[in-house]
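Written out below as structure tokens is the structure these notes cover.
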Amino acid sequence: MWLCAVELLLAASGVLTAQCHSSRGLAGGAGCLPPSAAAGYIQIPLLEPVSILLEPNECKQIVVANISSQTAFVIAQVYTHMQDVTVSLSPSFPADASYTSPSAGVVLTLTPATFYIRAEEEMVSAVLFALSYTALDPVPGACNTEFSLENDPNLHLTYNRYETAVRFAPANLGTVRQLAPPACDVKTDVHTRWRLTYDIYQYFLPENDLTMESLSKGMSKMSSVQEIERNGIKITTRNSFQQSITYGNSYIGTGVIYNVIVRDPHLKTSASYAPVSTYACSLSSEGYLCKHSDRNFIYIKVLCTVIGVYGLILCLIGHRIFEAEFLFFGFLIFGFMSFVLVTRFSALNFIDRLTITVAAGLLGGVIVTLIRCIFGIPVPCVAFVGMVLGFLVAAIVFFTPLANCTIFRNDVNFWIIFCCVMLVVPTILILRPRALNIITCALVGSYSVIIAIGVYVYTSLTYIILNVIKRAIHPDFAKVESDAPFQRTDLILTSIWAMLFVSGVSLQFILERNRLPFPPCPYDNWRRRRNTTYGERTPLLRPPDI
């Protein structure tokens, strides 16, 4: 079950073994033509998205129109589906004053309100959007000391298969047009930029929808302060004395848009940075699918399908096929432990890890089944299986926003509470061992079906287990703010999961109502049949009859 889920993660994200970047560096090369060249001149209004098409290596001058006298600065944003574009305040695109990314922004201080945009080696469809702010509003990225632009309103996003990191430059206090901005780091009192706070938001695009239309709708909902507050999910708040970085979960194949609102608590004003989007994967050339290794993914489909079918059988009649149940749960337990150890402490490739995991799981399943067949002892075996139920229940608990509590940033606290929940569930139910076994088969078996469906249709429900596995194999996952999307597909699959669980529990209790609590030991059955078939053997030396 969770073995299948995590291998699915690794196969689907096989191209992400190295850290990926939304920004691929700075661009050099030829600059724009002089402003008098009409072909390169585009005028855009405030608050209205404008779509443009850039030929390969084409450069255009962008001028923001309709700016009022109350405006102190403008944040201009450019975004594409997956191609890079370069923005700069200079027509020559100097390397130390340009930014290249599928989502880029610049701060225009209205001297004049002009910037330049250039395509890379392929044709690009881009959307432009501009927002104006007054002198009372904080200026996003105006105290930048790390990135290339002097005033950098961009969110710098990197991701791997575990986490997505979002970095941003600190903001500065606003000032009247044409006046010099306040100093950034001379003082740290309440009259300086150190009083500013930063609210970090995310917005999930519809699942299984990687189109430009979906991205455009999402970006429009995450561009201005009002839209961000209306549509986004606030994941954390930072003050100016904390690091300007946050970590989100990587949901491979689901679009996520991040943005930051900087607030001035003294003046009650705010401004937004330029939003950035990610699918936590490299899109195919068509832009509608995540790239992955087809060869690896075939293995995962087969494994997950087998586990899903096996889990469905256990969900419905697991208590009746007692030994087959132990083979399944032994496979899950030993496969999980071997996967965590091999992944965390070795650098083996995907196929080797999959082979070791499956082999260890099968060996563990056979061992657990033999212990049951030879020695009987149903209650200790059921308690062992019940820990899988406790593990799943604990994973469900930490799939909720509870996992984002500060106390659980510490690994010791997290694993102690997780293990307590995992042990409490079977400890309570062990007083009714048959009920414990039936509930375990129904809940874990039905979730295995959901995992199998997740191979073919994306669902966030797979991250119930994946988040725990990420925490076990990736030490830095503790700092991740994990808020999973829960959309229409997840709602449908949750209903199916609940229906399978209730049906499995009801059916098994009906089938077992007039039977022994547990099936007899297979070894005892074999001895009994053998004695019945051959009868009692007559000894060669019999005592004389008296």
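Naming scheme: A, B, ... for chains in displayed order of the structure tokens; residues 1 onward per chain; ligands 1 onward as shown.
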
Selection: 8 Å around region 166-169 of chain A, only C-alpha atoms, excl. self and same-chain fewer than 3 positions, as a list in words:
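The residues that qualify are Pro140, Gly141, Ala142, Cys143, Asn144, Thr145, Glu146, Phe147, Asp152, Pro153, Asn154, Leu155, His156, Leu157, Thr158, Ser244, Ile245, Thr246, Tyr247, Gly248 and Tyr258 of chain A.
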
May I have the residues from that selection written out with N, CA and C atoms, as a PDB file, in the first residue's frame?
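Dumped everything to part16.pdb:
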```
ATOM      1  N   PRO A 140       7.643  45.690  -2.284  1.00  0.00           N
ATOM      2  CA  PRO A 140       8.160  44.308  -2.248  1.00  0.00           C
ATOM      3  C   PRO A 140       9.562  44.199  -2.833  1.00  0.00           C
ATOM      4  N   GLY A 141      10.444  43.555  -2.120  1.00  0.00           N
ATOM      5  CA  GLY A 141      11.784  43.268  -2.611  1.00  0.00           C
ATOM      6  C   GLY A 141      12.716  44.448  -2.693  1.00  0.00           C
ATOM      7  N   ALA A 142      12.366  45.571  -2.082  1.00  0.00           N
ATOM      8  CA  ALA A 142      13.186  46.775  -2.221  1.00  0.00           C
ATOM      9  C   ALA A 142      14.420  46.768  -1.329  1.00  0.00           C
ATOM     10  N   CYS A 143      14.532  45.788  -0.436  1.00  0.00           N
ATOM     11  CA  CYS A 143      15.744  45.654   0.380  1.00  0.00           C
ATOM     12  C   CYS A 143      16.489  44.376   0.005  1.00  0.00           C
ATOM     13  N   ASN A 144      16.535  44.125  -1.280  1.00  0.00           N
ATOM     14  CA  ASN A 144      17.184  42.923  -1.785  1.00  0.00           C
ATOM     15  C   ASN A 144      18.705  43.029  -1.676  1.00  0.00           C
ATOM     16  N   THR A 145      19.326  42.008  -1.115  1.00  0.00           N
ATOM     17  CA  THR A 145      20.792  41.916  -1.072  1.00  0.00           C
ATOM     18  C   THR A 145      21.292  40.577  -1.585  1.00  0.00           C
ATOM     19  N   GLU A 146      20.385  39.744  -2.070  1.00  0.00           N
ATOM     20  CA  GLU A 146      20.756  38.378  -2.445  1.00  0.00           C
ATOM     21  C   GLU A 146      20.610  38.100  -3.932  1.00  0.00           C
ATOM     22  N   PHE A 147      19.586  38.653  -4.572  1.00  0.00           N
ATOM     23  CA  PHE A 147      19.289  38.328  -5.953  1.00  0.00           C
ATOM     24  C   PHE A 147      19.762  39.443  -6.892  1.00  0.00           C
ATOM     25  N   ASP A 152      13.660  43.550  -6.140  1.00  0.00           N
ATOM     26  CA  ASP A 152      13.264  42.236  -6.662  1.00  0.00           C
ATOM     27  C   ASP A 152      11.948  41.783  -6.032  1.00  0.00           C
ATOM     28  N   PRO A 153      10.813  41.920  -6.747  1.00  0.00           N
ATOM     29  CA  PRO A 153       9.527  41.491  -6.205  1.00  0.00           C
ATOM     30  C   PRO A 153       9.207  40.026  -6.500  1.00  0.00           C
ATOM     31  N   ASN A 154      10.198  39.284  -6.988  1.00  0.00           N
ATOM     32  CA  ASN A 154       9.953  37.899  -7.408  1.00  0.00           C
ATOM     33  C   ASN A 154      10.060  36.922  -6.244  1.00  0.00           C
ATOM     34  N   LEU A 155       9.319  35.831  -6.359  1.00  0.00           N
ATOM     35  CA  LEU A 155       9.465  34.693  -5.466  1.00  0.00           C
ATOM     36  C   LEU A 155      10.363  33.682  -6.178  1.00  0.00           C
ATOM     37  N   HIS A 156      11.460  33.321  -5.542  1.00  0.00           N
ATOM     38  CA  HIS A 156      12.432  32.415  -6.153  1.00  0.00           C
ATOM     39  C   HIS A 156      12.129  31.001  -5.667  1.00  0.00           C
ATOM     40  N   LEU A 157      11.667  30.167  -6.573  1.00  0.00           N
ATOM     41  CA  LEU A 157      11.123  28.856  -6.231  1.00  0.00           C
ATOM     42  C   LEU A 157      12.051  27.754  -6.714  1.00  0.00           C
ATOM     43  N   THR A 158      12.357  26.813  -5.828  1.00  0.00           N
ATOM     44  CA  THR A 158      13.073  25.590  -6.182  1.00  0.00           C
ATOM     45  C   THR A 158      12.292  24.412  -5.616  1.00  0.00           C
ATOM     46  N   SER A 244      13.489  34.861   5.200  1.00  0.00           N
ATOM     47  CA  SER A 244      12.463  35.078   4.177  1.00  0.00           C
ATOM     48  C   SER A 244      12.411  33.883   3.237  1.00  0.00           C
ATOM     49  N   ILE A 245      12.016  32.764   3.808  1.00  0.00           N
ATOM     50  CA  ILE A 245      11.899  31.520   3.052  1.00  0.00           C
ATOM     51  C   ILE A 245      10.841  30.649   3.707  1.00  0.00           C
ATOM     52  N   THR A 246      10.103  29.922   2.916  1.00  0.00           N
ATOM     53  CA  THR A 246       9.154  28.955   3.437  1.00  0.00           C
ATOM     54  C   THR A 246       9.206  27.711   2.573  1.00  0.00           C
ATOM     55  N   TYR A 247       8.749  26.594   3.143  1.00  0.00           N
ATOM     56  CA  TYR A 247       8.801  25.306   2.461  1.00  0.00           C
ATOM     57  C   TYR A 247       7.398  24.717   2.372  1.00  0.00           C
ATOM     58  N   GLY A 248       7.022  24.330   1.178  1.00  0.00           N
ATOM     59  CA  GLY A 248       5.746  23.662   0.955  1.00  0.00           C
ATOM     60  C   GLY A 248       5.974  22.241   0.474  1.00  0.00           C
ATOM     61  N   TYR A 258       2.142  30.284  -5.523  1.00  0.00           N
ATOM     62  CA  TYR A 258       2.540  30.909  -4.266  1.00  0.00           C
ATOM     63  C   TYR A 258       2.598  32.427  -4.450  1.00  0.00           C
TER      64      TYR A 258
END
```

Contacts of Thr343 (chain A) at 9 Å or less, counting only C-alpha atoms, minus same-chain residues fewer than 5 places along, as a PDB file with N, CA and C atoms, in the first residue's frame?
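Done, and the output landed in around12.pdb:
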```pdb
ATOM      1  N   SER A 338      12.280  -1.887   4.824  1.00  0.00           N
ATOM      2  CA  SER A 338      13.430  -2.009   3.926  1.00  0.00           C
ATOM      3  C   SER A 338      13.538  -0.797   3.002  1.00  0.00           C
ATOM      4  N   LEU A 348      21.259   3.789  -4.154  1.00  0.00           N
ATOM      5  CA  LEU A 348      20.878   2.860  -5.214  1.00  0.00           C
ATOM      6  C   LEU A 348      19.870   3.498  -6.146  1.00  0.00           C
ATOM      7  N   ARG A 353      16.267  -0.343  -5.746  1.00  0.00           N
ATOM      8  CA  ARG A 353      15.459  -0.131  -4.538  1.00  0.00           C
ATOM      9  C   ARG A 353      14.137  -0.876  -4.619  1.00  0.00           C
ATOM     10  N   ILE A 473      12.303   9.463   5.403  1.00  0.00           N
ATOM     11  CA  ILE A 473      13.495   9.316   4.566  1.00  0.00           C
ATOM     12  C   ILE A 473      14.169  10.641   4.233  1.00  0.00           C
TER      13      ILE A 473
END
```

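In this model, the gap between CA of Glu150 (chain A) and CA of Pro275 (chain A) comes to 18.3 Å.
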
Do you have the CA of Ala280 (chain A)-CA of Val106 (chain A) distance handy?
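Straight-line distance from CA of Ala280 (chain A) to CA of Val106 (chain A) works out to 24.4 Å.
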
Show me, as a ChimeraX atom specification, the residues that have an atom within 12 Å of Leu196 (chain A) when counting only C-alpha atoms, minus same-chain residues fewer than 5 positions from it.
/A:137-141,143,170-174,184,188-191,237-242,244,261-271

Can those selected residues be exported to a file as a CSV table (one decimal), in the first residue's frame so that it contains N, CA, C and O atoms?
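Result written to result24.csv:
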```
chain,number,residue,atom,x,y,z
A,137,ASP,N,2.3,52.4,0.8
A,137,ASP,CA,2.4,50.9,0.7
A,137,ASP,C,3.8,50.5,0.7
A,137,ASP,O,4.7,51.2,0.2
A,138,PRO,N,4.1,49.3,1.4
A,138,PRO,CA,5.5,48.8,1.4
A,138,PRO,C,5.9,48.4,0.0
A,138,PRO,O,5.0,48.0,-0.8
A,139,VAL,N,7.2,48.4,-0.3
A,139,VAL,CA,7.7,48.1,-1.7
A,139,VAL,C,8.3,46.7,-1.6
A,139,VAL,O,9.3,46.5,-1.0
A,140,PRO,N,7.6,45.7,-2.3
A,140,PRO,CA,8.2,44.3,-2.2
A,140,PRO,C,9.6,44.2,-2.8
A,140,PRO,O,9.9,44.7,-3.9
A,141,GLY,N,10.4,43.6,-2.1
A,141,GLY,CA,11.8,43.3,-2.6
A,141,GLY,C,12.7,44.4,-2.7
A,141,GLY,O,13.8,44.4,-3.3
A,143,CYS,N,14.5,45.8,-0.4
A,143,CYS,CA,15.7,45.7,0.4
A,143,CYS,C,16.5,44.4,0.0
A,143,CYS,O,17.0,43.6,0.9
A,170,PRO,N,13.5,40.9,1.2
A,170,PRO,CA,12.7,41.7,2.1
A,170,PRO,C,12.2,43.0,1.4
A,170,PRO,O,12.8,43.5,0.5
A,171,ALA,N,11.1,43.5,1.9
A,171,ALA,CA,10.5,44.7,1.4
A,171,ALA,C,11.1,45.9,2.2
A,171,ALA,O,11.8,45.8,3.2
A,172,ASN,N,10.7,47.1,1.6
A,172,ASN,CA,11.1,48.4,2.3
A,172,ASN,C,9.9,49.2,2.5
A,172,ASN,O,8.8,48.9,1.8
A,173,LEU,N,9.9,50.2,3.3
A,173,LEU,CA,8.8,51.1,3.5
A,173,LEU,C,8.7,52.0,2.2
A,173,LEU,O,9.6,52.2,1.5
A,174,GLY,N,7.4,52.4,1.9
A,174,GLY,CA,7.1,53.2,0.8
A,174,GLY,C,7.6,54.6,0.9
A,174,GLY,O,7.9,55.1,2.0
A,184,CYS,N,17.8,50.5,4.5
A,184,CYS,CA,17.2,49.2,4.8
A,184,CYS,C,17.7,48.7,6.2
A,184,CYS,O,16.9,48.1,7.0
A,188,THR,N,16.8,49.1,13.4
A,188,THR,CA,15.8,48.0,13.4
A,188,THR,C,14.6,48.4,14.3
A,188,THR,O,13.9,47.5,14.8
A,189,ASP,N,14.3,49.7,14.5
A,189,ASP,CA,13.2,50.1,15.3
A,189,ASP,C,11.9,50.1,14.5
A,189,ASP,O,11.9,49.7,13.3
A,190,VAL,N,10.8,50.5,15.1
A,190,VAL,CA,9.5,50.4,14.5
A,190,VAL,C,9.3,51.5,13.4
A,190,VAL,O,8.3,51.5,12.7
A,191,HIS,N,10.2,52.3,13.2
A,191,HIS,CA,10.1,53.3,12.2
A,191,HIS,C,10.9,52.9,10.9
A,191,HIS,O,11.1,53.7,10.0
A,237,THR,N,3.2,33.0,8.5
A,237,THR,CA,3.5,34.4,8.6
A,237,THR,C,4.9,34.5,9.1
A,237,THR,O,5.3,33.8,10.0
A,238,ARG,N,5.7,35.4,8.5
A,238,ARG,CA,7.0,35.7,8.9
A,238,ARG,C,7.2,37.1,9.3
A,238,ARG,O,6.5,38.0,8.7
A,239,ASN,N,8.0,37.4,10.3
A,239,ASN,CA,8.3,38.8,10.6
A,239,ASN,C,9.7,39.1,10.0
A,239,ASN,O,10.4,38.2,9.4
A,240,SER,N,10.1,40.3,10.1
A,240,SER,CA,11.3,40.8,9.4
A,240,SER,C,12.6,40.2,10.0
A,240,SER,O,13.7,40.3,9.4
A,241,PHE,N,12.5,39.6,11.2
A,241,PHE,CA,13.7,39.1,11.8
A,241,PHE,C,13.8,37.6,11.5
A,241,PHE,O,14.8,37.0,11.9
A,242,GLN,N,12.9,37.0,10.9
A,242,GLN,CA,13.0,35.6,10.5
A,242,GLN,C,13.5,35.5,9.0
A,242,GLN,O,13.4,36.4,8.3
A,244,SER,N,13.5,34.9,5.2
A,244,SER,CA,12.5,35.1,4.2
A,244,SER,C,12.4,33.9,3.2
A,244,SER,O,12.7,34.0,2.1
A,261,ILE,N,2.2,38.5,0.7
A,261,ILE,CA,1.6,39.8,1.0
A,261,ILE,C,2.5,40.4,2.1
A,261,ILE,O,2.6,39.8,3.2
A,262,VAL,N,3.1,41.5,1.8
A,262,VAL,CA,3.9,42.2,2.8
A,262,VAL,C,3.0,43.3,3.4
A,262,VAL,O,2.3,44.1,2.7
A,263,ARG,N,3.0,43.4,4.8
A,263,ARG,CA,2.0,44.3,5.5
A,263,ARG,C,2.8,45.2,6.4
A,263,ARG,O,3.8,44.9,7.0
A,264,ASP,N,2.3,46.4,6.4
A,264,ASP,CA,2.8,47.5,7.3
A,264,ASP,C,1.8,47.6,8.5
A,264,ASP,O,0.8,48.3,8.3
A,265,PRO,N,2.1,47.0,9.6
A,265,PRO,CA,1.1,47.1,10.7
A,265,PRO,C,0.9,48.5,11.3
A,265,PRO,O,-0.1,48.7,11.9
A,266,HIS,N,1.9,49.3,11.1
A,266,HIS,CA,1.8,50.7,11.6
A,266,HIS,C,0.8,51.6,10.7
A,266,HIS,O,-0.1,52.3,11.3
A,267,LEU,N,0.9,51.5,9.4
A,267,LEU,CA,0.1,52.2,8.5
A,267,LEU,C,-1.1,51.5,8.0
A,267,LEU,O,-2.0,52.0,7.3
A,268,LYS,N,-1.2,50.2,8.3
A,268,LYS,CA,-2.3,49.3,7.9
A,268,LYS,C,-2.4,49.2,6.4
A,268,LYS,O,-3.5,49.3,5.8
A,269,THR,N,-1.2,49.2,5.7
A,269,THR,CA,-1.2,49.0,4.3
A,269,THR,C,-0.5,47.7,3.9
A,269,THR,O,0.1,47.0,4.8
A,270,SER,N,-0.6,47.3,2.6
A,270,SER,CA,0.0,46.1,2.2
A,270,SER,C,0.3,46.1,0.7
A,270,SER,O,-0.2,47.0,0.0
A,271,ALA,N,1.1,45.2,0.2
A,271,ALA,CA,1.4,45.0,-1.2
A,271,ALA,C,1.7,43.6,-1.4
A,271,ALA,O,2.1,42.8,-0.5
```

Quick one: DSSP strand (DSSP E or B) residues in region 19-261 of chain A, as number ranges by chain?
A: 20-21, 25, 41-44, 50-54, 59-64, 73-79, 85-88, 98-101, 103-108, 114-119, 124-133, 139, 154-159, 163-168, 172, 197-204, 233-239, 245-249, 256-261

Between CA of Asp490 (chain A) and CA of Ile233 (chain A) - distance in Å to one decimal:
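That distance, rounded to one decimal, is 18.0 Å.
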
Just want the 6 Å neighbourhood of Pro102 (chain A), counted on only C-alpha atoms, with same-chain residues fewer than 4 positions away dropped. Output as a PyMOL selection string.
chain A and resi 79-80+82-85

May I have the residues within 9 Å of region 125-128 of chain A as a ChimeraX atom specification, using only C-alpha atoms and disregarding those fewer than 5 positions away in the same chain?
/A:44,48-55,76-81,83,85,102,216

Selection file, all heavy atoms, as a CSV table (one decimal), in the first residue's frame:
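File written: out.csv
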```csv
chain,number,residue,atom,x,y,z
A,44,ILE,N,0.4,48.6,-21.8
A,44,ILE,CA,-0.6,47.8,-21.1
A,44,ILE,C,-1.2,48.7,-20.0
A,44,ILE,O,-0.6,49.6,-19.4
A,44,ILE,CB,0.1,46.6,-20.4
A,44,ILE,CG1,1.2,47.1,-19.4
A,44,ILE,CG2,0.7,45.7,-21.4
A,44,ILE,CD1,1.7,45.9,-18.6
A,48,GLU,N,-5.4,45.0,-15.8
A,48,GLU,CA,-6.0,44.3,-16.9
A,48,GLU,C,-4.9,43.4,-17.5
A,48,GLU,O,-3.9,43.9,-18.0
A,48,GLU,CB,-6.5,45.2,-18.0
A,48,GLU,CG,-7.8,46.0,-17.5
A,48,GLU,CD,-8.3,46.8,-18.7
A,48,GLU,OE1,-8.0,46.4,-19.9
A,48,GLU,OE2,-9.1,47.8,-18.4
A,49,PRO,N,-5.1,42.0,-17.5
A,49,PRO,CA,-4.1,41.1,-18.1
A,49,PRO,C,-4.1,41.3,-19.6
A,49,PRO,O,-5.1,41.5,-20.2
A,49,PRO,CB,-4.6,39.7,-17.7
A,49,PRO,CG,-6.0,39.9,-17.4
A,49,PRO,CD,-6.2,41.3,-16.9
A,50,VAL,N,-2.9,41.3,-20.1
A,50,VAL,CA,-2.7,41.5,-21.6
A,50,VAL,C,-1.8,40.3,-22.1
A,50,VAL,O,-0.7,40.0,-21.5
A,50,VAL,CB,-2.0,42.8,-21.9
A,50,VAL,CG1,-1.6,42.9,-23.4
A,50,VAL,CG2,-2.8,44.0,-21.4
A,51,SER,N,-2.3,39.6,-23.1
A,51,SER,CA,-1.6,38.4,-23.7
A,51,SER,C,-0.8,38.9,-24.9
A,51,SER,O,-1.3,39.7,-25.7
A,51,SER,CB,-2.6,37.3,-24.1
A,51,SER,OG,-3.3,36.8,-23.0
A,52,ILE,N,0.4,38.4,-24.9
A,52,ILE,CA,1.3,38.7,-26.1
A,52,ILE,C,2.0,37.4,-26.6
A,52,ILE,O,2.0,36.4,-25.8
A,52,ILE,CB,2.4,39.8,-25.7
A,52,ILE,CG1,3.3,39.2,-24.6
A,52,ILE,CG2,1.7,41.1,-25.3
A,52,ILE,CD1,4.5,40.1,-24.4
A,53,LEU,N,2.4,37.5,-27.8
A,53,LEU,CA,3.2,36.4,-28.4
A,53,LEU,C,4.5,36.8,-28.8
A,53,LEU,O,4.7,37.8,-29.6
A,53,LEU,CB,2.4,35.8,-29.6
A,53,LEU,CG,3.0,34.5,-30.2
A,53,LEU,CD1,2.9,33.4,-29.2
A,53,LEU,CD2,2.2,34.2,-31.5
A,54,LEU,N,5.6,36.2,-28.3
A,54,LEU,CA,6.9,36.6,-28.6
A,54,LEU,C,7.6,35.5,-29.5
A,54,LEU,O,7.5,34.3,-29.2
A,54,LEU,CB,7.8,36.7,-27.3
A,54,LEU,CG,7.3,37.8,-26.4
A,54,LEU,CD1,8.2,37.8,-25.1
A,54,LEU,CD2,7.5,39.2,-27.0
A,55,GLU,N,8.2,35.9,-30.6
A,55,GLU,CA,9.0,35.0,-31.4
A,55,GLU,C,10.3,34.7,-30.7
A,55,GLU,O,10.7,35.3,-29.8
A,55,GLU,CB,9.2,35.7,-32.8
A,55,GLU,CG,8.0,36.1,-33.6
A,55,GLU,CD,7.3,34.8,-34.1
A,55,GLU,OE1,7.9,33.8,-34.2
A,55,GLU,OE2,6.0,34.9,-34.3
A,76,ALA,N,5.0,45.1,-12.1
A,76,ALA,CA,4.6,44.5,-13.3
A,76,ALA,C,5.0,43.0,-13.3
A,76,ALA,O,6.1,42.7,-12.9
A,76,ALA,CB,5.4,45.2,-14.5
A,77,GLN,N,4.1,42.2,-13.8
A,77,GLN,CA,4.3,40.8,-13.7
A,77,GLN,C,4.2,40.2,-15.1
A,77,GLN,O,3.4,40.7,-15.9
A,77,GLN,CB,3.2,40.1,-12.8
A,77,GLN,CG,3.0,40.7,-11.5
A,77,GLN,CD,1.7,40.3,-10.8
A,77,GLN,OE1,1.0,39.5,-11.3
A,77,GLN,NE2,1.5,41.0,-9.6
A,78,VAL,N,5.0,39.2,-15.4
A,78,VAL,CA,4.9,38.4,-16.6
A,78,VAL,C,5.0,36.9,-16.3
A,78,VAL,O,5.8,36.5,-15.5
A,78,VAL,CB,6.2,38.8,-17.5
A,78,VAL,CG1,6.0,38.0,-18.9
A,78,VAL,CG2,6.3,40.3,-17.8
A,79,TYR,N,4.1,36.2,-16.9
A,79,TYR,CA,4.2,34.7,-16.7
A,79,TYR,C,3.8,34.0,-18.0
A,79,TYR,O,3.1,34.4,-18.8
A,79,TYR,CB,3.2,34.3,-15.5
A,79,TYR,CG,1.8,34.5,-15.7
A,79,TYR,CD1,1.0,33.6,-16.4
A,79,TYR,CD2,1.2,35.7,-15.3
A,79,TYR,CE1,-0.4,33.8,-16.6
A,79,TYR,CE2,-0.2,35.9,-15.5
A,79,TYR,CZ,-1.0,35.0,-16.1
A,79,TYR,OH,-2.3,35.2,-16.3
A,80,THR,N,4.4,32.8,-18.1
A,80,THR,CA,4.1,31.9,-19.2
A,80,THR,C,3.7,30.5,-18.6
A,80,THR,O,3.7,30.3,-17.4
A,80,THR,CB,5.3,31.7,-20.1
A,80,THR,OG1,6.3,31.0,-19.4
A,80,THR,CG2,5.9,33.0,-20.5
A,81,HIS,N,3.4,29.6,-19.5
A,81,HIS,CA,3.0,28.2,-19.1
A,81,HIS,C,4.2,27.5,-18.5
A,81,HIS,O,4.2,27.0,-17.4
A,81,HIS,CB,2.4,27.4,-20.2
A,81,HIS,CG,1.7,26.2,-19.7
A,81,HIS,ND1,1.4,25.1,-20.6
A,81,HIS,CD2,1.2,25.8,-18.5
A,81,HIS,CE1,0.8,24.2,-19.9
A,81,HIS,NE2,0.7,24.6,-18.6
A,83,GLN,N,7.7,28.1,-20.5
A,83,GLN,CA,8.9,28.6,-21.1
A,83,GLN,C,9.4,29.8,-20.3
A,83,GLN,O,8.7,30.5,-19.7
A,83,GLN,CB,8.6,29.1,-22.6
A,83,GLN,CG,8.1,28.0,-23.5
A,83,GLN,CD,6.6,27.9,-23.6
A,83,GLN,OE1,5.9,28.5,-22.7
A,83,GLN,NE2,6.0,27.3,-24.6
A,85,VAL,N,11.1,33.5,-19.8
A,85,VAL,CA,11.2,34.8,-20.4
A,85,VAL,C,12.2,35.6,-19.5
A,85,VAL,O,12.3,35.3,-18.3
A,85,VAL,CB,9.8,35.5,-20.5
A,85,VAL,CG1,9.0,34.9,-21.5
A,85,VAL,CG2,9.1,35.6,-19.1
A,102,PRO,N,9.8,31.4,-15.9
A,102,PRO,CA,8.5,31.4,-16.4
A,102,PRO,C,7.5,32.4,-15.7
A,102,PRO,O,6.5,32.7,-16.3
A,102,PRO,CB,8.0,30.0,-16.2
A,102,PRO,CG,9.3,29.2,-16.0
A,102,PRO,CD,10.2,30.1,-15.3
A,216,SER,N,-3.8,30.5,-16.1
A,216,SER,CA,-4.1,32.0,-16.2
A,216,SER,C,-5.2,32.3,-15.2
A,216,SER,O,-5.1,33.4,-14.6
A,216,SER,CB,-4.6,32.3,-17.6
A,216,SER,OG,-3.6,32.1,-18.6
```

Give me, as number ranges by chain, all polymer residues having an atom no more than 9 Å from region 110-114 of chain A, counting only C-alpha atoms and skipping those fewer than 6 positions away in the same chain.
A: 61-65, 67, 71-74, 89, 177-178

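Using only C-alpha atoms, the nearest neighbour of Ser506 (chain A) within the list A:Ile438, A:Asn160, A:Ile300, A:Ser98 is A:Ile438.
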